[in-house]
>>> print(open('upload10.txt').read())   # compact mmCIF, C-alpha atoms (C1' of nucleotides)
# COMPACT_ATOMS: atom_id res chain seq x y z
CA MET A 1 29.99 26.65 0.31
CA THR A 2 27.90 27.97 3.18
CA GLU A 3 27.10 25.81 6.15
CA GLU A 4 23.49 25.73 5.05
CA ASP A 5 24.51 24.59 1.59
CA ARG A 6 26.58 21.81 3.00
CA VAL A 7 23.75 20.46 5.11
CA ARG A 8 21.35 20.70 2.17
CA LYS A 9 23.74 18.64 0.09
CA GLN A 10 24.13 16.12 2.87
CA LYS A 11 20.36 15.71 2.96
CA ALA A 12 20.33 15.22 -0.80
CA LEU A 13 22.86 12.43 -0.38
CA VAL A 14 20.67 10.86 2.28
CA GLU A 15 17.81 10.79 -0.22
CA ALA A 16 20.14 9.36 -2.86
CA MET A 17 21.09 6.60 -0.46
CA GLY A 18 17.41 5.76 -0.17
CA ARG A 19 17.22 5.35 -3.93
CA ILE A 20 20.32 3.17 -3.93
CA TYR A 21 18.76 0.90 -1.35
CA GLU A 22 15.59 0.80 -3.39
CA LYS A 23 17.54 -0.39 -6.43
CA GLU A 24 19.00 -3.16 -4.31
CA GLY A 25 15.48 -4.26 -3.55
CA LEU A 26 15.46 -2.87 -0.03
CA GLN A 27 13.20 -0.27 1.50
CA PRO A 28 14.13 3.31 0.62
CA ILE A 29 13.53 4.29 4.23
CA SER A 30 16.21 1.88 5.37
CA GLY A 31 18.60 3.54 2.99
CA ARG A 32 17.67 6.99 4.20
CA ILE A 33 18.25 5.94 7.78
CA MET A 34 21.65 4.54 6.84
CA GLY A 35 22.28 7.82 5.09
CA LEU A 36 21.38 9.83 8.17
CA LEU A 37 23.71 7.80 10.31
CA THR A 38 26.67 7.90 7.93
CA ILE A 39 26.39 11.17 6.06
CA MET A 40 25.19 13.79 8.51
CA ASP A 41 27.66 15.18 11.00
CA LYS A 42 25.61 13.91 13.89
CA GLU A 43 26.56 10.31 14.49
CA PHE A 44 23.91 9.21 16.95
CA PHE A 45 20.18 9.51 16.34
CA THR A 46 17.30 8.52 18.57
CA PHE A 47 14.15 6.91 17.22
CA ASP A 48 12.28 10.20 17.44
CA GLU A 49 15.04 12.14 15.76
CA ILE A 50 14.96 9.71 12.86
CA VAL A 51 11.18 10.01 12.57
CA GLU A 52 11.41 13.78 12.77
CA GLU A 53 14.36 14.26 10.42
CA LEU A 54 13.04 11.94 7.71
CA GLN A 55 9.39 12.89 8.18
CA ILE A 56 8.22 9.29 8.30
CA SER A 57 5.72 7.44 10.43
CA LYS A 58 6.81 5.72 13.60
CA GLY A 59 5.68 2.44 12.07
CA SER A 60 8.00 2.81 9.11
CA ALA A 61 10.89 3.79 11.33
CA SER A 62 10.33 0.85 13.65
CA ASN A 63 10.12 -1.55 10.76
CA ALA A 64 13.17 -0.23 8.91
CA ILE A 65 15.29 -0.10 12.05
CA LYS A 66 14.43 -3.67 12.89
CA MET A 67 15.56 -4.68 9.43
CA LEU A 68 18.82 -2.79 9.66
CA GLU A 69 19.56 -4.41 12.98
CA LEU A 70 18.88 -7.81 11.48
CA ARG A 71 21.24 -7.02 8.63
CA ASN A 72 23.76 -6.16 11.27
CA VAL A 73 24.60 -2.71 9.92
CA ILE A 74 23.36 -0.50 12.74
CA GLU A 75 23.36 -0.81 16.50
CA TYR A 76 22.48 1.39 19.42
CA ILE A 77 23.80 2.48 22.73
CA THR A 78 21.80 3.47 25.76
CA VAL A 79 22.51 6.06 28.39
CA ALA A 80 21.99 5.20 32.06
CA GLY A 81 18.71 6.60 33.31
CA GLU A 82 17.20 6.94 29.84
CA ARG A 83 14.99 4.62 27.86
CA LYS A 84 15.98 6.07 24.51
CA ARG A 85 18.18 4.17 22.12
CA TYR A 86 20.92 6.05 20.32
CA PHE A 87 21.42 4.48 16.94
CA HIS A 88 24.63 4.61 15.01
CA ILE A 89 26.24 2.69 12.17
CA LYS A 90 28.23 -0.39 12.92
CA LYS A 91 31.78 -0.03 11.74
CA ILE A 92 31.68 -3.39 10.13
CA ASP A 93 34.62 -5.16 8.73
CA LYS A 94 35.75 -3.08 5.76
CA PHE A 95 35.64 -6.10 3.51
CA THR A 96 31.96 -6.80 3.91
CA LEU A 97 31.13 -4.90 0.75
CA ILE A 98 33.76 -6.77 -1.23
CA ASP A 99 32.58 -10.05 0.24
CA GLU A 100 29.08 -9.31 -0.95
CA HIS A 101 30.34 -8.94 -4.49
CA LYS A 102 32.27 -12.15 -4.16
CA GLN A 103 29.21 -13.93 -2.87
CA LYS A 104 27.17 -12.66 -5.78
CA LEU A 105 29.73 -13.96 -8.24
CA LYS A 106 29.66 -17.31 -6.49
CA LEU A 107 25.91 -17.55 -6.81
CA THR A 108 26.12 -16.58 -10.46
CA ASN A 109 28.61 -19.32 -11.07
CA GLU A 110 26.61 -21.96 -9.27
CA PHE A 111 23.71 -21.03 -11.48
CA LEU A 112 25.75 -21.21 -14.66
CA GLN A 113 27.17 -24.53 -13.52
CA SER A 114 23.68 -25.98 -13.09
CA ALA A 115 22.77 -24.75 -16.55
CA LEU A 116 25.87 -26.33 -18.03
CA GLU A 117 25.22 -29.65 -16.33
CA LEU A 118 21.76 -29.79 -17.87
CA LYS A 119 23.00 -29.30 -21.42
CA SER A 120 22.51 -32.34 -23.64
CA ASP A 121 25.42 -31.32 -25.83
CA LYS A 122 28.33 -30.04 -23.77
CA ASN A 123 30.01 -28.80 -26.91
CA SER A 124 27.18 -26.69 -28.28
CA GLY A 125 27.84 -23.00 -28.76
CA ASN A 126 26.01 -21.99 -25.61
CA ALA A 127 27.54 -24.76 -23.53
CA LEU A 128 31.04 -23.64 -24.51
CA PHE A 129 30.08 -20.08 -23.72
CA LEU A 130 28.88 -21.14 -20.29
CA LYS A 131 32.10 -23.02 -19.65
CA ASP A 132 34.09 -20.00 -20.62
CA MET A 133 32.15 -17.72 -18.29
CA ILE A 134 32.37 -20.15 -15.41
CA ASP A 135 36.09 -20.54 -15.81
CA MET A 136 36.70 -16.82 -15.86
CA ILE A 137 34.44 -16.07 -12.91
CA ASP A 138 36.10 -18.81 -10.89
CA PHE A 139 39.41 -17.17 -11.54
CA PHE A 140 38.13 -13.85 -10.23
CA ILE A 141 36.58 -15.39 -7.16
CA GLY A 142 39.92 -16.94 -6.36
CA LYS A 143 41.53 -13.54 -6.59
CA PHE A 144 39.40 -12.10 -3.82
CA GLN A 145 41.18 -13.79 -0.94
CA GLU A 146 44.54 -13.02 -2.48
CA PHE A 147 43.57 -9.40 -2.76
CA LYS A 148 42.42 -9.11 0.83
CA GLU A 149 45.68 -10.42 2.17
CA GLU A 150 47.67 -8.17 -0.09
CA TYR A 151 45.70 -5.18 1.07
CA LYS A 152 45.99 -6.06 4.73
CA SER A 153 49.72 -6.58 4.61
CA GLY A 154 50.12 -3.36 2.66
CA ARG A 155 48.43 -1.37 5.43
CA GLU A 156 50.25 -3.02 8.29
CA GLU A 157 53.72 -2.14 7.09
CA MET B 1 18.01 -38.55 -15.00
CA THR B 2 15.49 -39.06 -17.78
CA GLU B 3 15.33 -36.76 -20.76
CA GLU B 4 12.02 -35.43 -19.48
CA ASP B 5 13.52 -34.73 -16.10
CA ARG B 6 16.37 -32.83 -17.62
CA VAL B 7 14.08 -30.58 -19.62
CA ARG B 8 11.89 -29.99 -16.59
CA LYS B 9 14.93 -28.89 -14.63
CA GLN B 10 16.03 -26.64 -17.44
CA LYS B 11 12.65 -24.97 -17.37
CA ALA B 12 12.95 -24.50 -13.63
CA LEU B 13 16.28 -22.75 -14.18
CA VAL B 14 14.65 -20.51 -16.76
CA GLU B 15 12.12 -19.49 -14.13
CA ALA B 16 14.91 -18.94 -11.62
CA MET B 17 16.64 -16.68 -14.09
CA GLY B 18 13.47 -14.61 -14.23
CA ARG B 19 13.61 -14.19 -10.48
CA ILE B 20 17.27 -13.20 -10.64
CA TYR B 21 16.48 -10.52 -13.18
CA GLU B 22 13.65 -9.35 -10.99
CA LYS B 23 16.03 -8.91 -8.07
CA GLU B 24 18.27 -6.83 -10.29
CA GLY B 25 15.32 -4.55 -10.92
CA LEU B 26 14.65 -5.86 -14.42
CA GLN B 27 11.56 -7.50 -15.79
CA PRO B 28 11.22 -11.16 -14.90
CA ILE B 29 10.14 -11.87 -18.46
CA SER B 30 13.42 -10.52 -19.77
CA GLY B 31 15.20 -12.92 -17.49
CA ARG B 32 13.08 -15.83 -18.59
CA ILE B 33 13.81 -15.02 -22.21
CA MET B 34 17.53 -14.90 -21.45
CA GLY B 35 17.06 -18.20 -19.68
CA LEU B 36 15.38 -19.78 -22.68
CA LEU B 37 18.18 -18.66 -24.97
CA THR B 38 21.02 -19.78 -22.73
CA ILE B 39 19.72 -22.76 -20.80
CA MET B 40 17.58 -24.79 -23.16
CA ASP B 41 19.29 -26.97 -25.73
CA LYS B 42 17.66 -25.05 -28.56
CA GLU B 43 19.78 -22.00 -29.24
CA PHE B 44 17.54 -20.04 -31.61
CA PHE B 45 13.97 -19.05 -30.82
CA THR B 46 11.51 -17.12 -32.91
CA PHE B 47 9.17 -14.53 -31.45
CA ASP B 48 6.28 -16.97 -31.53
CA GLU B 49 8.27 -19.74 -29.95
CA ILE B 50 9.18 -17.44 -27.09
CA VAL B 51 5.56 -16.42 -26.62
CA GLU B 52 4.46 -20.04 -26.76
CA GLU B 53 7.17 -21.50 -24.55
CA LEU B 54 6.87 -18.89 -21.82
CA GLN B 55 3.09 -18.52 -22.11
CA ILE B 56 3.24 -14.74 -22.21
CA SER B 57 1.42 -12.13 -24.25
CA LYS B 58 2.88 -10.87 -27.48
CA GLY B 59 3.03 -7.42 -25.95
CA SER B 60 5.22 -8.57 -23.08
CA ALA B 61 7.48 -10.47 -25.43
CA SER B 62 7.86 -7.53 -27.77
CA ASN B 63 8.63 -5.20 -24.91
CA ALA B 64 11.12 -7.48 -23.20
CA ILE B 65 12.90 -8.35 -26.43
CA LYS B 66 13.29 -4.69 -27.28
CA MET B 67 14.88 -4.13 -23.91
CA LEU B 68 17.27 -7.04 -24.25
CA GLU B 69 18.35 -5.78 -27.64
CA LEU B 70 18.94 -2.34 -26.16
CA ARG B 71 21.04 -3.90 -23.41
CA ASN B 72 22.97 -5.59 -26.18
CA VAL B 73 22.64 -9.11 -24.79
CA ILE B 74 20.57 -10.76 -27.52
CA GLU B 75 20.49 -10.44 -31.28
CA TYR B 76 18.77 -12.23 -34.14
CA ILE B 77 19.48 -13.68 -37.50
CA THR B 78 17.10 -13.93 -40.41
CA VAL B 79 16.76 -16.58 -43.03
CA ALA B 80 16.42 -15.60 -46.68
CA GLY B 81 12.81 -15.78 -47.79
CA GLU B 82 11.44 -15.58 -44.23
CA ARG B 83 10.29 -12.65 -42.18
CA LYS B 84 10.85 -14.36 -38.85
CA ARG B 85 13.67 -13.34 -36.58
CA TYR B 86 15.66 -16.06 -34.89
CA PHE B 87 16.83 -14.74 -31.54
CA HIS B 88 19.89 -15.99 -29.76
CA ILE B 89 22.20 -14.74 -27.05
CA LYS B 90 25.08 -12.53 -27.95
CA LYS B 91 28.36 -14.07 -26.91
CA ILE B 92 29.47 -10.87 -25.37
CA ASP B 93 32.89 -10.18 -24.07
CA LYS B 94 33.31 -12.53 -21.12
CA PHE B 95 34.37 -9.68 -18.89
CA THR B 96 31.15 -7.75 -19.11
CA LEU B 97 29.87 -9.28 -15.91
CA ILE B 98 33.08 -8.46 -14.08
CA ASP B 99 33.09 -4.97 -15.49
CA GLU B 100 29.61 -4.45 -14.14
CA HIS B 101 30.83 -5.30 -10.66
CA LYS B 102 33.74 -2.95 -11.08
CA GLN B 103 31.42 -0.19 -12.24
CA LYS B 104 29.20 -0.70 -9.24
CA LEU B 105 32.15 -0.40 -6.90
CA LYS B 106 33.18 2.78 -8.66
CA LEU B 107 29.76 4.31 -8.17
CA THR B 108 29.80 3.27 -4.53
CA ASN B 109 33.09 4.98 -4.04
CA GLU B 110 32.04 8.17 -5.75
CA PHE B 111 29.10 8.27 -3.42
CA LEU B 112 31.23 7.69 -0.33
CA GLN B 113 33.64 10.34 -1.55
CA SER B 114 30.84 12.90 -1.82
CA ALA B 115 29.72 12.04 1.67
CA LEU B 116 33.24 12.44 3.00
CA GLU B 117 33.70 15.79 1.34
CA LEU B 118 30.58 17.09 3.02
CA LYS B 119 31.73 16.15 6.51
CA SER B 120 32.42 19.14 8.73
CA ASP B 121 34.90 17.17 10.79
CA LYS B 122 37.09 14.98 8.60
CA ASN B 123 38.38 13.21 11.67
CA SER B 124 35.07 12.17 13.17
CA GLY B 125 34.43 8.48 13.63
CA ASN B 126 32.24 8.20 10.58
CA ALA B 127 34.53 10.30 8.42
CA LEU B 128 37.46 8.06 9.24
CA PHE B 129 35.33 5.03 8.51
CA LEU B 130 34.42 6.49 5.13
CA LYS B 131 38.06 7.18 4.34
CA ASP B 132 38.96 3.65 5.24
CA MET B 133 36.28 2.18 2.99
CA ILE B 134 37.16 4.47 0.09
CA ASP B 135 40.82 3.60 0.33
CA MET B 136 40.17 -0.10 0.30
CA ILE B 137 37.65 -0.02 -2.52
CA ASP B 138 39.99 2.12 -4.60
CA PHE B 139 42.71 -0.40 -4.15
CA PHE B 140 40.39 -3.16 -5.22
CA ILE B 141 39.13 -1.32 -8.29
CA GLY B 142 42.72 -0.80 -9.35
CA LYS B 143 43.23 -4.57 -9.25
CA PHE B 144 40.56 -5.35 -11.81
CA GLN B 145 42.59 -4.48 -14.88
CA GLU B 146 45.53 -6.38 -13.47
CA PHE B 147 43.37 -9.44 -12.87
CA LYS B 148 41.97 -9.29 -16.37
CA GLU B 149 45.37 -9.24 -17.99
CA GLU B 150 46.61 -12.00 -15.76
CA TYR B 151 43.63 -14.10 -16.77
CA LYS B 152 44.04 -13.42 -20.47
CA SER B 153 47.72 -14.26 -20.50
CA GLY B 154 47.04 -17.38 -18.48
CA ARG B 155 44.63 -18.68 -21.16
CA GLU B 156 46.84 -17.89 -24.11
CA GLU B 157 49.78 -19.98 -23.00
C1' DT C 1 -3.66 5.69 39.25
C1' DT C 2 -3.04 8.16 35.60
C1' DA C 3 -0.03 10.27 32.21
C1' DT C 4 4.01 10.18 29.50
C1' DT C 5 7.75 8.14 26.98
C1' DG C 6 9.45 5.17 23.58
C1' DG C 7 8.38 2.47 21.01
C1' DT C 8 5.62 -2.08 18.24
C1' DT C 9 1.96 -4.11 15.50
C1' DC C 10 -1.15 -4.44 12.02
C1' DA C 11 -4.98 -3.33 8.96
C1' DG C 12 -5.65 -0.49 5.21
C1' DT C 13 -4.02 2.78 1.47
C1' DA C 14 -1.19 4.44 -2.18
C1' DT C 15 1.92 3.77 -5.75
C1' DA C 16 4.57 1.67 -9.13
C1' DA C 17 5.55 -1.69 -12.21
C1' DA C 18 4.71 -5.88 -14.90
C1' DC C 19 1.75 -7.89 -17.73
C1' DT C 20 -2.35 -8.62 -20.69
C1' DG C 21 -5.09 -8.25 -24.63
C1' DA C 22 -7.04 -5.98 -28.24
C1' DA C 23 -6.43 -2.88 -31.81
C1' DC C 24 -3.40 -1.78 -35.18
C1' DC C 25 0.30 -1.78 -38.88
C1' DG C 26 3.41 -2.77 -42.90
C1' DG C 27 4.76 -6.19 -46.10
C1' DA C 28 4.01 -10.49 -48.50
C1' DA C 29 0.93 -13.97 -50.38
C1' DT C 30 -3.42 -15.27 -52.54
C1' DA D 1 -8.56 -6.55 -52.79
C1' DT D 2 -8.11 -8.88 -48.80
C1' DT D 3 -6.10 -12.19 -45.89
C1' DC D 4 -2.11 -13.77 -43.30
C1' DC D 5 2.24 -13.16 -40.94
C1' DG D 6 5.08 -11.17 -37.63
C1' DG D 7 5.10 -8.34 -34.96
C1' DT D 8 4.25 -3.13 -32.14
C1' DT D 9 1.61 0.00 -29.26
C1' DC D 10 -0.99 1.33 -25.61
C1' DA D 11 -4.87 1.58 -22.39
C1' DG D 12 -6.31 -0.85 -18.59
C1' DT D 13 -5.77 -4.62 -14.94
C1' DT D 14 -3.21 -7.07 -11.58
C1' DT D 15 -0.01 -7.53 -8.16
C1' DA D 16 3.47 -6.40 -4.96
C1' DT D 17 5.16 -3.68 -1.47
C1' DA D 18 6.27 0.55 0.99
C1' DC D 19 4.23 3.37 3.93
C1' DT D 20 0.77 5.44 7.05
C1' DG D 21 -1.74 5.99 11.12
C1' DA D 22 -4.19 4.46 14.83
C1' DA D 23 -4.46 1.30 18.42
C1' DC D 24 -1.83 -0.81 21.63
C1' DC D 25 1.86 -2.03 25.13
C1' DA D 26 5.43 -2.03 28.79
C1' DA D 27 8.16 0.80 31.67
C1' DT D 28 8.78 4.94 34.11
C1' DA D 29 7.25 9.40 36.19
C1' DA D 30 4.03 12.31 38.44
>>> encode(input="upload10.txt", output="structure tokens")
Amino acid sequence: MTEEDRVRKQKALVEAMGRIYEKEGLQPISGRIMGLLTIMDKEFFTFDEIVEELQISKGSASNAIKMLELRNVIEYITVAGERKRYFHIKKIDKFTLIDEHKQKLKLTNEFLQSALELKSDKNSGNALFLKDMIDMIDFFIGKFQEFKEEYKSGREE
Amino acid sequence: MTEEDRVRKQKALVEAMGRIYEKEGLQPISGRIMGLLTIMDKEFFTFDEIVEELQISKGSASNAIKMLELRNVIEYITVAGERKRYFHIKKIDKFTLIDEHKQKLKLTNEFLQSALELKSDKNSGNALFLKDMIDMIDFFIGKFQEFKEEYKSGREE
DNA sequence: TTATTGGTTCAGTATAAACTGAACCGGAAT
DNA sequence: ATTCCGGTTCAGTTTATACTGAACCAATAA
């Protein structure tokens, strides 16, 4: 693979990351910025470089960057004597992604629980189905903490 | 809580389910139909009852129902001598939800892997971060099957 | 003091997707 | 033969939201 090829593929991944973000209900531009900062070889981008590389308006960049900062996934450094901000990804706790899945399962279960509580007949087919789901999901949620500790201790050895 | 209150709350949950589906990138109406079929006490709804209860057009109902059938989450029964279809939720394998999470993690990791492979310097800060994430997620994915079997055997006893 | 840099803000546009509603369709009943 | 039932199809409307671009601003440089 030529150098050029490699960079072209990296840029394709950046675009793909935009689509992934879009599916999650976030702005594609935010995803593309995250892509830039994680996928390209360069690890620090200024505001202007982001605007230039992604061919987006300054307004969009400003807006998306603000959002990413709020979500706590990017940050920036400054260099003495310069006003520019050099953005880079935050090397968050590895488990954040896993925790998000856990959180989603928790919300699902709270919802199912509410539904179950509102059933007039707790032994109807659907009520039993709900119970079954809730029980199983609870089990999995409980496994998350266990897993984390297992993983951590496995790496420390 | 009065009977009326209970039903009102059930209907609110049905609406909430629509919003959940929307967040997942699916049609809110599909979610509301799923809500009807899982949350309300009635467990079988005809096409017309769905249209009536949710106050939606026949077109929307037809479209959303088709989609839910394709996703394999609802089905219908018929009664001899009637043309109506009585829709109800499919009591799918409990683990479908969990499997979806697993699948999502797999896709995430494939993506991260592609990004890592395209790095010119596999020891750069971001490359190492990617490796770290991939390793952890892989470990976690591997645990899913284990968890499932543990759960199953736990219930059988 | 004026110009430049490095942005932010916001009104307006473009686009996509959900949803409606009306026309239509096949099969059964009258 | 035509009316009703239980839908499907599809063109057009509505709505949401991402994005643009131009005006603006504060800090620094000339």
>>> closest_residue(input="upload10.txt", among="C:DC19, C:DC24, C:DA14, C:DA3", to="chain B", atoms="all atoms listed in the file")
C:DC19
>>> closest_atom_pairs(input="upload10.txt", of="chain D", to="chain B", cutoff="12 Å", atoms="only C-alpha atoms (C1' of nucleotides)", output="tab-separated table")
residue	atom	partner	partner_atom	distance
D:DC5	C1'	B:Arg83	CA	8.2
D:DG6	C1'	B:Lys84	CA	6.7
D:DG7	C1'	B:Ser62	CA	7.7
D:DT8	C1'	B:Ser62	CA	7.2
D:DT9	C1'	B:Gly59	CA	8.2
D:DC10	C1'	B:Gly59	CA	9.6
>>> residues_around(input="upload10.txt", residues="segment 96-111 of chain A", least_positions_apart="4", cutoff="8 Å", atoms="all atoms listed in the file", output="compact mmCIF listing (two decimals) with C-alpha atoms, in the coordinates of the input")
# COMPACT_ATOMS: atom_id res chain seq x y z
CA ILE A 92 31.68 -3.39 10.13
CA ALA A 115 22.77 -24.75 -16.55
CA ILE A 134 32.37 -20.15 -15.41
CA ILE A 137 34.44 -16.07 -12.91
CA ASP A 138 36.10 -18.81 -10.89
CA ILE A 141 36.58 -15.39 -7.16
CA PHE A 144 39.40 -12.10 -3.82
CA HIS B 101 30.83 -5.30 -10.66
CA ILE B 137 37.65 -0.02 -2.52
>>> calpha_fit_and_write(input="upload10.txt", fixed="chain A", moving="chain B", output="short mmCIF file (atom, residue, chain, number, x, y, z; two decimals) with C-alpha atoms, keeping the file's coordinate frame")
data_model
loop_
_atom_site.label_atom_id
_atom_site.label_comp_id
_atom_site.auth_asym_id
_atom_site.auth_seq_id
_atom_site.Cartn_x
_atom_site.Cartn_y
_atom_site.Cartn_z
CA MET B 1 29.96 26.63 0.25
CA THR B 2 27.90 27.95 3.14
CA GLU B 3 27.09 25.81 6.14
CA GLU B 4 23.47 25.72 5.02
CA ASP B 5 24.49 24.58 1.58
CA ARG B 6 26.57 21.80 2.98
CA VAL B 7 23.74 20.45 5.10
CA ARG B 8 21.35 20.69 2.17
CA LYS B 9 23.73 18.63 0.08
CA GLN B 10 24.11 16.11 2.85
CA LYS B 11 20.36 15.70 2.95
CA ALA B 12 20.31 15.20 -0.80
CA LEU B 13 22.86 12.40 -0.39
CA VAL B 14 20.67 10.83 2.28
CA GLU B 15 17.83 10.78 -0.23
CA ALA B 16 20.14 9.32 -2.86
CA MET B 17 21.10 6.58 -0.46
CA GLY B 18 17.42 5.73 -0.16
CA ARG B 19 17.24 5.32 -3.91
CA ILE B 20 20.33 3.13 -3.91
CA TYR B 21 18.78 0.86 -1.32
CA GLU B 22 15.63 0.76 -3.37
CA LYS B 23 17.58 -0.44 -6.40
CA GLU B 24 19.06 -3.19 -4.27
CA GLY B 25 15.54 -4.32 -3.49
CA LEU B 26 15.52 -2.89 0.03
CA GLN B 27 13.25 -0.30 1.53
CA PRO B 28 14.15 3.26 0.63
CA ILE B 29 13.54 4.26 4.23
CA SER B 30 16.21 1.85 5.40
CA GLY B 31 18.61 3.51 3.03
CA ARG B 32 17.67 6.96 4.20
CA ILE B 33 18.24 5.92 7.79
CA MET B 34 21.65 4.53 6.86
CA GLY B 35 22.27 7.81 5.10
CA LEU B 36 21.37 9.84 8.16
CA LEU B 37 23.72 7.80 10.33
CA THR B 38 26.66 7.89 7.95
CA ILE B 39 26.39 11.16 6.06
CA MET B 40 25.19 13.78 8.51
CA ASP B 41 27.66 15.21 10.98
CA LYS B 42 25.59 13.94 13.90
CA GLU B 43 26.56 10.34 14.50
CA PHE B 44 23.89 9.25 16.98
CA PHE B 45 20.17 9.56 16.36
CA THR B 46 17.29 8.57 18.57
CA PHE B 47 14.14 6.96 17.24
CA ASP B 48 12.27 10.25 17.43
CA GLU B 49 15.02 12.18 15.75
CA ILE B 50 14.95 9.73 12.86
CA VAL B 51 11.19 10.03 12.57
CA GLU B 52 11.41 13.80 12.73
CA GLU B 53 14.35 14.26 10.39
CA LEU B 54 13.05 11.94 7.70
CA GLN B 55 9.39 12.90 8.16
CA ILE B 56 8.23 9.30 8.28
CA SER B 57 5.72 7.45 10.42
CA LYS B 58 6.80 5.73 13.58
CA GLY B 59 5.68 2.46 12.07
CA SER B 60 8.00 2.81 9.09
CA ALA B 61 10.88 3.79 11.33
CA SER B 62 10.33 0.88 13.66
CA ASN B 63 10.12 -1.54 10.79
CA ALA B 64 13.16 -0.24 8.95
CA ILE B 65 15.28 -0.07 12.09
CA LYS B 66 14.42 -3.65 12.94
CA MET B 67 15.57 -4.69 9.51
CA LEU B 68 18.83 -2.79 9.72
CA GLU B 69 19.56 -4.38 13.06
CA LEU B 70 18.86 -7.79 11.58
CA ARG B 71 21.24 -7.03 8.73
CA ASN B 72 23.76 -6.13 11.40
CA VAL B 73 24.60 -2.70 10.00
CA ILE B 74 23.35 -0.47 12.81
CA GLU B 75 23.33 -0.78 16.57
CA TYR B 76 22.47 1.47 19.50
CA ILE B 77 23.78 2.55 22.81
CA THR B 78 21.77 3.58 25.83
CA VAL B 79 22.48 6.15 28.44
CA ALA B 80 21.99 5.31 32.11
CA GLY B 81 18.72 6.72 33.39
CA GLU B 82 17.21 7.04 29.89
CA ARG B 83 15.02 4.70 27.92
CA LYS B 84 15.99 6.15 24.55
CA ARG B 85 18.18 4.24 22.16
CA TYR B 86 20.91 6.13 20.37
CA PHE B 87 21.40 4.52 16.97
CA HIS B 88 24.62 4.66 15.05
CA ILE B 89 26.23 2.71 12.24
CA LYS B 90 28.21 -0.36 13.02
CA LYS B 91 31.77 -0.04 11.83
CA ILE B 92 31.64 -3.41 10.26
CA ASP B 93 34.55 -5.22 8.80
CA LYS B 94 35.62 -3.13 5.82
CA PHE B 95 35.53 -6.15 3.57
CA THR B 96 31.85 -6.85 3.94
CA LEU B 97 31.03 -4.94 0.80
CA ILE B 98 33.68 -6.80 -1.17
CA ASP B 99 32.55 -10.10 0.26
CA GLU B 100 29.05 -9.37 -0.93
CA HIS B 101 30.33 -8.96 -4.47
CA LYS B 102 32.26 -12.17 -4.17
CA GLN B 103 29.19 -13.97 -2.88
CA LYS B 104 27.15 -12.70 -5.78
CA LEU B 105 29.70 -13.97 -8.25
CA LYS B 106 29.65 -17.33 -6.52
CA LEU B 107 25.90 -17.58 -6.85
CA THR B 108 26.13 -16.59 -10.49
CA ASN B 109 28.60 -19.32 -11.12
CA GLU B 110 26.60 -21.97 -9.34
CA PHE B 111 23.70 -21.03 -11.54
CA LEU B 112 25.76 -21.19 -14.72
CA GLN B 113 27.16 -24.52 -13.60
CA SER B 114 23.66 -25.96 -13.19
CA ALA B 115 22.75 -24.73 -16.63
CA LEU B 116 25.85 -26.30 -18.11
CA GLU B 117 25.20 -29.62 -16.46
CA LEU B 118 21.76 -29.75 -17.98
CA LYS B 119 23.00 -29.23 -21.53
CA SER B 120 22.52 -32.25 -23.76
CA ASP B 121 25.43 -31.24 -25.94
CA LYS B 122 28.33 -29.96 -23.87
CA ASN B 123 30.02 -28.71 -27.01
CA SER B 124 27.20 -26.58 -28.36
CA GLY B 125 27.85 -22.89 -28.81
CA ASN B 126 26.04 -21.90 -25.67
CA ALA B 127 27.56 -24.68 -23.60
CA LEU B 128 31.04 -23.58 -24.57
CA PHE B 129 30.12 -20.01 -23.76
CA LEU B 130 28.91 -21.10 -20.33
CA LYS B 131 32.13 -23.01 -19.71
CA ASP B 132 34.15 -20.00 -20.67
CA MET B 133 32.24 -17.72 -18.31
CA ILE B 134 32.41 -20.20 -15.44
CA ASP B 135 36.13 -20.64 -15.85
CA MET B 136 36.80 -16.95 -15.81
CA ILE B 137 34.53 -16.18 -12.88
CA ASP B 138 36.08 -19.02 -10.89
CA PHE B 139 39.48 -17.59 -11.48
CA PHE B 140 38.31 -14.21 -10.33
CA ILE B 141 36.63 -15.53 -7.19
CA GLY B 142 39.86 -17.27 -6.29
CA LYS B 143 41.64 -13.90 -6.44
CA PHE B 144 39.52 -12.28 -3.76
CA GLN B 145 41.26 -13.82 -0.79
CA GLU B 146 44.61 -13.04 -2.34
CA PHE B 147 43.61 -9.42 -2.86
CA LYS B 148 42.40 -9.11 0.70
CA GLU B 149 45.65 -10.34 2.16
CA GLU B 150 47.66 -8.16 -0.14
CA TYR B 151 45.64 -5.17 1.00
CA LYS B 152 45.95 -5.99 4.68
CA SER B 153 49.70 -6.47 4.53
CA GLY B 154 50.04 -3.28 2.53
CA ARG B 155 48.35 -1.26 5.31
CA GLU B 156 50.28 -2.79 8.16
CA GLU B 157 53.71 -1.83 6.90
#
>>> interface_residues(input="upload10.txt", of="chain C", to="chain A", cutoff="12 Å", atoms="all atoms listed in the file", output="MDAnalysis selection string")
chainID C and resid 5:10
>>> closest_residue(input="upload10.txt", among="A:Ser114, A:Gln145, A:Ser153, A:Gln55", to="chain B", atoms="all atoms listed in the file")
A:Ser114
>>> atom_distance(input="upload10.txt", atom1="atom CA of Ile29 of chain B", atom2="atom CA of Ala64 of chain B")
6.5 Å
>>> closest_residue(input="upload10.txt", among="B:Gly142, B:Gly25, B:Gly81, B:Gly154", to="chain A", atoms="all atoms listed in the file")
B:Gly25
>>> interface_residues(input="upload10.txt", of="chain A", to="chain B", cutoff="9 Å", atoms="all atoms listed in the file", output="MDAnalysis selection string")
chainID A and resid 3 6:7 9:10 13 17 23:25 37:41 43 89 91 94:95 97:98 101 105 111:112 114:116 118:121 124:127 129:130 132:133 136:137 139:140 143 147:148 151
